[in-house]
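Participant: Below is the structure I would like to discuss, written out as structure tokens.
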Amino acid sequence: MIERNSYKEKIQSAFKLVPIVVLIGARQVGKTSIMKSYPTEMFRNVLFLNGQDVEVAVRFQQFSTIEQYLKIYLNEEVEGLLLLDEFQFIQGVSTILKLLTDKYANLRVLCSGSSSLDILQNIEESLAGRVRVTEVLSLSFSEYLLFKDEKLWRLQQKLQNGNDDALIAPLRMAYEEYLIYGRLPHTALMDNPQEKVELLNDIYQTYLLNDVRHYIANEHFVGFNKLLRLLAVQNRKPRECK
């Protein structure tokens with residue numbers, strides 16, 4: 001697993017000021033991986049929960065239930081780090097997290113979830129002053145090279161101010177692939193182009209055709225698909241390798 005240290009630093013800085021950090025972003029950009037790779041040695045105990053698990057969601061419906069659960073599976077003092085993945089699937093989770101962190105000063109909560117507008121609005125209203133929202137973006141080209149081939153990354157670092165065409169050629173090839181297949185960590189780790197296409201199609205079907213369609217009227221959906229194609233063509237135009 002390639003570590004994205006910039007996000008770890010953002011989380012650590014946020015925890016000095018607020019008890020709750022929420023990682024938001026599109027599907028497959030690496031939110032869960034960042035959570036799981038976050039250094040936990042400074043915490044007394046760590047507990048990972050997935051909000052898509054129905055049993056987990058049920059426990060969050062009453063404060064007394066989740067409080068007792070944490071006393072058993074975290075520790076009696078409810079101190080440490082709670083990792084809560086896909087937290088947007090838990091109804092009323094913001095209120096419960098507010099109550100928990102208000103009562104237990106040494107509890108820190110790192111969540112990941114959707115970047116949808118309704119989720120963001122609910123976070124801001126319910127957890128004002130207690131939460132830092134951090135957007136997780138897809139890979140920069142430098143990060144993409146680290147995921148794909150560390151030797152290419154080292155080459156890029158050395159040639160940032162160089163112009164040797166023979167050495168730049170493999171970077172240009174990688175950049176073309178970066179533009180064609182996108183900037184997701186999973187696709188960067190794949191070597192088979194067909195597998196990359198299949199993964200991107202899965203994301204297109206689930207994220208764009210299902211999630212985004214919720215916000216678009218049916219009569220505008222054809223136009224939305226045309227816009228996606230225009231953006232894809234625009235993104236494919238050659239650029240400098242930075």
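Letters A, B, ... go to the chains of the structure tokens in the order shown; residues in each chain start at 1; ligands are counted from 1 in the same order.
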Show which residues sit within 9 Å of Tyr69 (chain A), as a list in words. Count only C-alpha atoms, and ignore same-chain residues fewer than 5 positions away.

Facilitator: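 Residues near the query, excluding close chain neighbours: Arg59, Ser64 and Leu74 of chain A.
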
Participant: Residues within 10 Å of Leu81 (chain A), please, as a list in words. Count only C-alpha atoms; anything in the same chain fewer than 5 positions from it doesn't count.

Facilitator: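 Contacts, in chain order: Pro19, Ile20, Thr40, Met42, Phe43, Arg44, Asn45, Val46, Leu47, Phe48, Leu74, Asn106, Leu107, Arg108, Val109 and Leu110 of chain A.
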
Participant: Using all heavy atoms, can you export the residues from the last selection as a short mmCIF file (atom, residue, chain, number, x, y, z; two decimals), in the first residue's frame?

Facilitator:
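Generated file (result_4.cif):
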data_model
loop_
_atom_site.label_atom_id
_atom_site.label_comp_id
_atom_site.auth_asym_id
_atom_site.auth_seq_id
_atom_site.Cartn_x
_atom_site.Cartn_y
_atom_site.Cartn_z
N PRO A 19 -12.29 16.98 17.68
CA PRO A 19 -12.29 15.54 17.95
C PRO A 19 -12.72 14.67 16.78
O PRO A 19 -12.55 13.45 16.81
CB PRO A 19 -13.29 15.40 19.09
CG PRO A 19 -14.26 16.52 18.88
CD PRO A 19 -13.45 17.65 18.31
N ILE A 20 -13.29 15.27 15.74
CA ILE A 20 -13.84 14.49 14.62
C ILE A 20 -13.26 14.98 13.31
O ILE A 20 -13.25 16.19 13.03
CB ILE A 20 -15.38 14.59 14.57
CG1 ILE A 20 -16.00 14.15 15.90
CG2 ILE A 20 -15.94 13.75 13.42
CD1 ILE A 20 -17.49 14.46 16.02
N THR A 40 -1.56 4.65 14.34
CA THR A 40 -2.43 4.53 15.52
C THR A 40 -1.66 4.36 16.82
O THR A 40 -2.27 4.18 17.88
CB THR A 40 -3.37 3.32 15.34
OG1 THR A 40 -2.58 2.14 15.14
CG2 THR A 40 -4.29 3.52 14.14
N MET A 42 -0.23 6.37 18.72
CA MET A 42 -0.42 7.38 19.75
C MET A 42 -1.75 7.24 20.49
O MET A 42 -2.04 7.96 21.42
CB MET A 42 -0.31 8.80 19.15
CG MET A 42 -1.46 9.19 18.24
SD MET A 42 -1.35 8.45 16.59
CE MET A 42 0.04 9.39 15.94
N PHE A 43 -2.57 6.27 20.04
CA PHE A 43 -3.87 6.07 20.66
C PHE A 43 -3.86 4.82 21.55
O PHE A 43 -3.20 3.83 21.23
CB PHE A 43 -4.96 5.92 19.60
CG PHE A 43 -5.16 7.16 18.78
CD1 PHE A 43 -4.58 7.28 17.52
CD2 PHE A 43 -5.91 8.22 19.26
CE1 PHE A 43 -4.75 8.41 16.76
CE2 PHE A 43 -6.10 9.36 18.51
CZ PHE A 43 -5.51 9.46 17.26
N ARG A 44 -4.61 4.90 22.62
CA ARG A 44 -4.66 3.77 23.56
C ARG A 44 -5.25 2.54 22.90
O ARG A 44 -4.73 1.43 23.04
CB ARG A 44 -5.47 4.18 24.79
CG ARG A 44 -5.61 3.08 25.82
CD ARG A 44 -6.40 3.54 27.01
NE ARG A 44 -6.72 2.43 27.90
CZ ARG A 44 -7.48 2.55 28.98
NH1 ARG A 44 -7.97 3.72 29.32
NH2 ARG A 44 -7.74 1.48 29.72
N ASN A 45 -6.36 2.72 22.22
CA ASN A 45 -7.00 1.62 21.49
C ASN A 45 -7.60 2.15 20.21
O ASN A 45 -7.90 3.35 20.09
CB ASN A 45 -8.09 0.95 22.33
CG ASN A 45 -7.55 0.20 23.52
OD1 ASN A 45 -7.54 0.73 24.64
ND2 ASN A 45 -7.08 -1.02 23.31
N VAL A 46 -7.83 1.25 19.25
CA VAL A 46 -8.40 1.62 17.96
C VAL A 46 -9.51 0.64 17.60
O VAL A 46 -9.36 -0.58 17.79
CB VAL A 46 -7.33 1.62 16.85
CG1 VAL A 46 -7.95 1.99 15.51
CG2 VAL A 46 -6.19 2.56 17.20
N LEU A 47 -10.61 1.16 17.09
CA LEU A 47 -11.73 0.31 16.68
C LEU A 47 -12.20 0.75 15.30
O LEU A 47 -12.45 1.94 15.07
CB LEU A 47 -12.89 0.42 17.67
CG LEU A 47 -14.16 -0.38 17.35
CD1 LEU A 47 -13.88 -1.88 17.35
CD2 LEU A 47 -15.28 -0.04 18.34
N PHE A 48 -12.31 -0.20 14.36
CA PHE A 48 -12.77 0.09 13.00
C PHE A 48 -14.19 -0.44 12.83
O PHE A 48 -14.46 -1.62 13.11
CB PHE A 48 -11.85 -0.56 11.97
CG PHE A 48 -12.28 -0.33 10.55
CD1 PHE A 48 -11.84 0.80 9.86
CD2 PHE A 48 -13.11 -1.23 9.89
CE1 PHE A 48 -12.24 1.02 8.53
CE2 PHE A 48 -13.51 -1.02 8.58
CZ PHE A 48 -13.07 0.11 7.90
N LEU A 74 -13.77 -0.92 22.72
CA LEU A 74 -12.69 0.06 22.69
C LEU A 74 -11.97 0.02 24.04
O LEU A 74 -10.90 -0.54 24.16
CB LEU A 74 -13.23 1.46 22.39
CG LEU A 74 -12.19 2.53 22.04
CD1 LEU A 74 -11.41 2.16 20.79
CD2 LEU A 74 -12.88 3.89 21.84
N ASN A 106 -11.29 12.34 25.41
CA ASN A 106 -10.12 11.66 24.83
C ASN A 106 -10.49 10.70 23.70
O ASN A 106 -9.68 9.85 23.32
CB ASN A 106 -9.36 10.90 25.92
CG ASN A 106 -8.73 11.85 26.93
OD1 ASN A 106 -8.20 12.90 26.55
ND2 ASN A 106 -8.79 11.50 28.21
N LEU A 107 -11.68 10.84 23.18
CA LEU A 107 -12.10 10.04 22.02
C LEU A 107 -11.90 10.85 20.75
O LEU A 107 -12.29 12.02 20.67
CB LEU A 107 -13.58 9.65 22.15
CG LEU A 107 -14.18 8.88 20.96
CD1 LEU A 107 -13.53 7.51 20.83
CD2 LEU A 107 -15.70 8.75 21.11
N ARG A 108 -11.26 10.24 19.76
CA ARG A 108 -11.11 10.84 18.45
C ARG A 108 -11.81 9.95 17.43
O ARG A 108 -11.74 8.72 17.52
CB ARG A 108 -9.63 11.01 18.09
CG ARG A 108 -8.91 12.01 18.99
CD ARG A 108 -9.43 13.42 18.76
NE ARG A 108 -8.78 14.40 19.61
CZ ARG A 108 -9.24 14.78 20.81
NH1 ARG A 108 -10.33 14.21 21.31
NH2 ARG A 108 -8.61 15.71 21.49
N VAL A 109 -12.46 10.58 16.47
CA VAL A 109 -13.24 9.84 15.47
C VAL A 109 -12.79 10.25 14.08
O VAL A 109 -12.80 11.44 13.74
CB VAL A 109 -14.75 10.11 15.63
CG1 VAL A 109 -15.54 9.24 14.64
CG2 VAL A 109 -15.21 9.87 17.06
N LEU A 110 -12.39 9.27 13.29
CA LEU A 110 -12.00 9.49 11.89
C LEU A 110 -13.02 8.79 11.01
O LEU A 110 -13.14 7.56 11.05
CB LEU A 110 -10.59 8.96 11.63
CG LEU A 110 -10.06 9.07 10.19
CD1 LEU A 110 -10.08 10.52 9.71
CD2 LEU A 110 -8.66 8.48 10.10
#

Participant: Between A:Leu184, A:Thr65, A:Leu70, A:Leu100, which is the closest to Lys31 (chain A) once you count only C-alpha atoms?

Facilitator: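 Checking each of A:Leu184, A:Thr65, A:Leu70, A:Leu100 against Lys31 (chain A), counting only C-alpha atoms, the winner is A:Leu184.
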
Participant: Which is closest to Glu41 (chain A) among A:Gly80, A:Glu9, A:Glu150, A:Phe60, if we use only C-alpha atoms?

Facilitator: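 The answer is A:Gly80, which sits nearest to Glu41 (chain A).
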
Participant: Calculated over only C-alpha atoms, which of the candidates A:Leu99, A:Phe221, A:Tyr104, A:Asp53 has the smallest distance to Asn75 (chain A)?

Facilitator: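 Closest residue, counting only C-alpha atoms: A:Tyr104.
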
Participant: Residues of region 30-236 of chain A classed as strand (DSSP E or B) by DSSP on the backbone are to be reported as an MDAnalysis selection string.

Facilitator: chainID A and resid 46:50 80:85 107:113 131:135

Participant: Calculated over only C-alpha atoms, which of the candidates A:Arg154, A:Arg172, A:His220, A:Lys148 has the smallest distance to Ala188 (chain A)?

Facilitator: A:Lys148

Participant: A:Leu23, A:Ser6, A:Val29, A:Val58: which is nearest Ile203 (chain A), counting only C-alpha atoms?

Facilitator: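 Smallest distance to Ile203 (chain A) is found for A:Val29.
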
Participant: Nearest residue to Gly30 (chain A) out of A:Glu143, A:Glu76, A:Asp191, A:Glu176, using only C-alpha atoms?

Facilitator: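 Selected residue with least distance to Gly30 (chain A): A:Glu143.
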
Participant: Find the spatial neighbours of Gln52 (chain A), counting only C-alpha atoms, within a cut-off of 8 Å - ignore same-chain residues fewer than 3 positions away - and output them as a list in words.

Facilitator: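 My list of contacting residues is Val56, Ala57, Glu86, Phe87, Phe89 and Ile90 of chain A.
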
Participant: Could the residues in this selection be written to a file with N, CA and C atoms, as a compact mmCIF listing (two decimals), in the first residue's frame?

Facilitator:
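Wrote selection.txt, looks like this:
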# COMPACT_ATOMS: atom_id res chain seq x y z
N VAL A 56 -23.92 -2.52 12.69
CA VAL A 56 -23.24 -1.31 13.16
C VAL A 56 -24.21 -0.14 13.15
N ALA A 57 -24.95 0.01 12.07
CA ALA A 57 -25.90 1.12 11.96
C ALA A 57 -26.95 1.08 13.07
N GLU A 86 -17.72 4.79 5.71
CA GLU A 86 -19.06 4.92 5.11
C GLU A 86 -20.08 5.36 6.15
N PHE A 87 -19.73 6.38 6.89
CA PHE A 87 -20.58 6.81 8.01
C PHE A 87 -21.90 7.40 7.54
N PHE A 89 -24.13 6.16 5.84
CA PHE A 89 -25.21 5.19 5.81
C PHE A 89 -25.90 5.06 7.17
N ILE A 90 -25.36 5.70 8.20
CA ILE A 90 -25.93 5.60 9.54
C ILE A 90 -26.85 6.78 9.80

Participant: Report the residues of region 19-51 of chain A whose backbone DSSP state falls under helix (DSSP H, G or I), written as a list in words.

Facilitator: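 In region 19-51 of chain A, DSSP puts these residues in helix (DSSP H, G or I): Lys31, Thr32, Ser33, Ile34, Met35, Lys36 and Ser37 of chain A.
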
Participant: Just the number, please: distance in Å from CA of Ala169 (chain A) to CA of Phe147 (chain A), one decimal.

Facilitator: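 Going from CA of Ala169 (chain A) over to CA of Phe147 (chain A) covers 18.7 Å.
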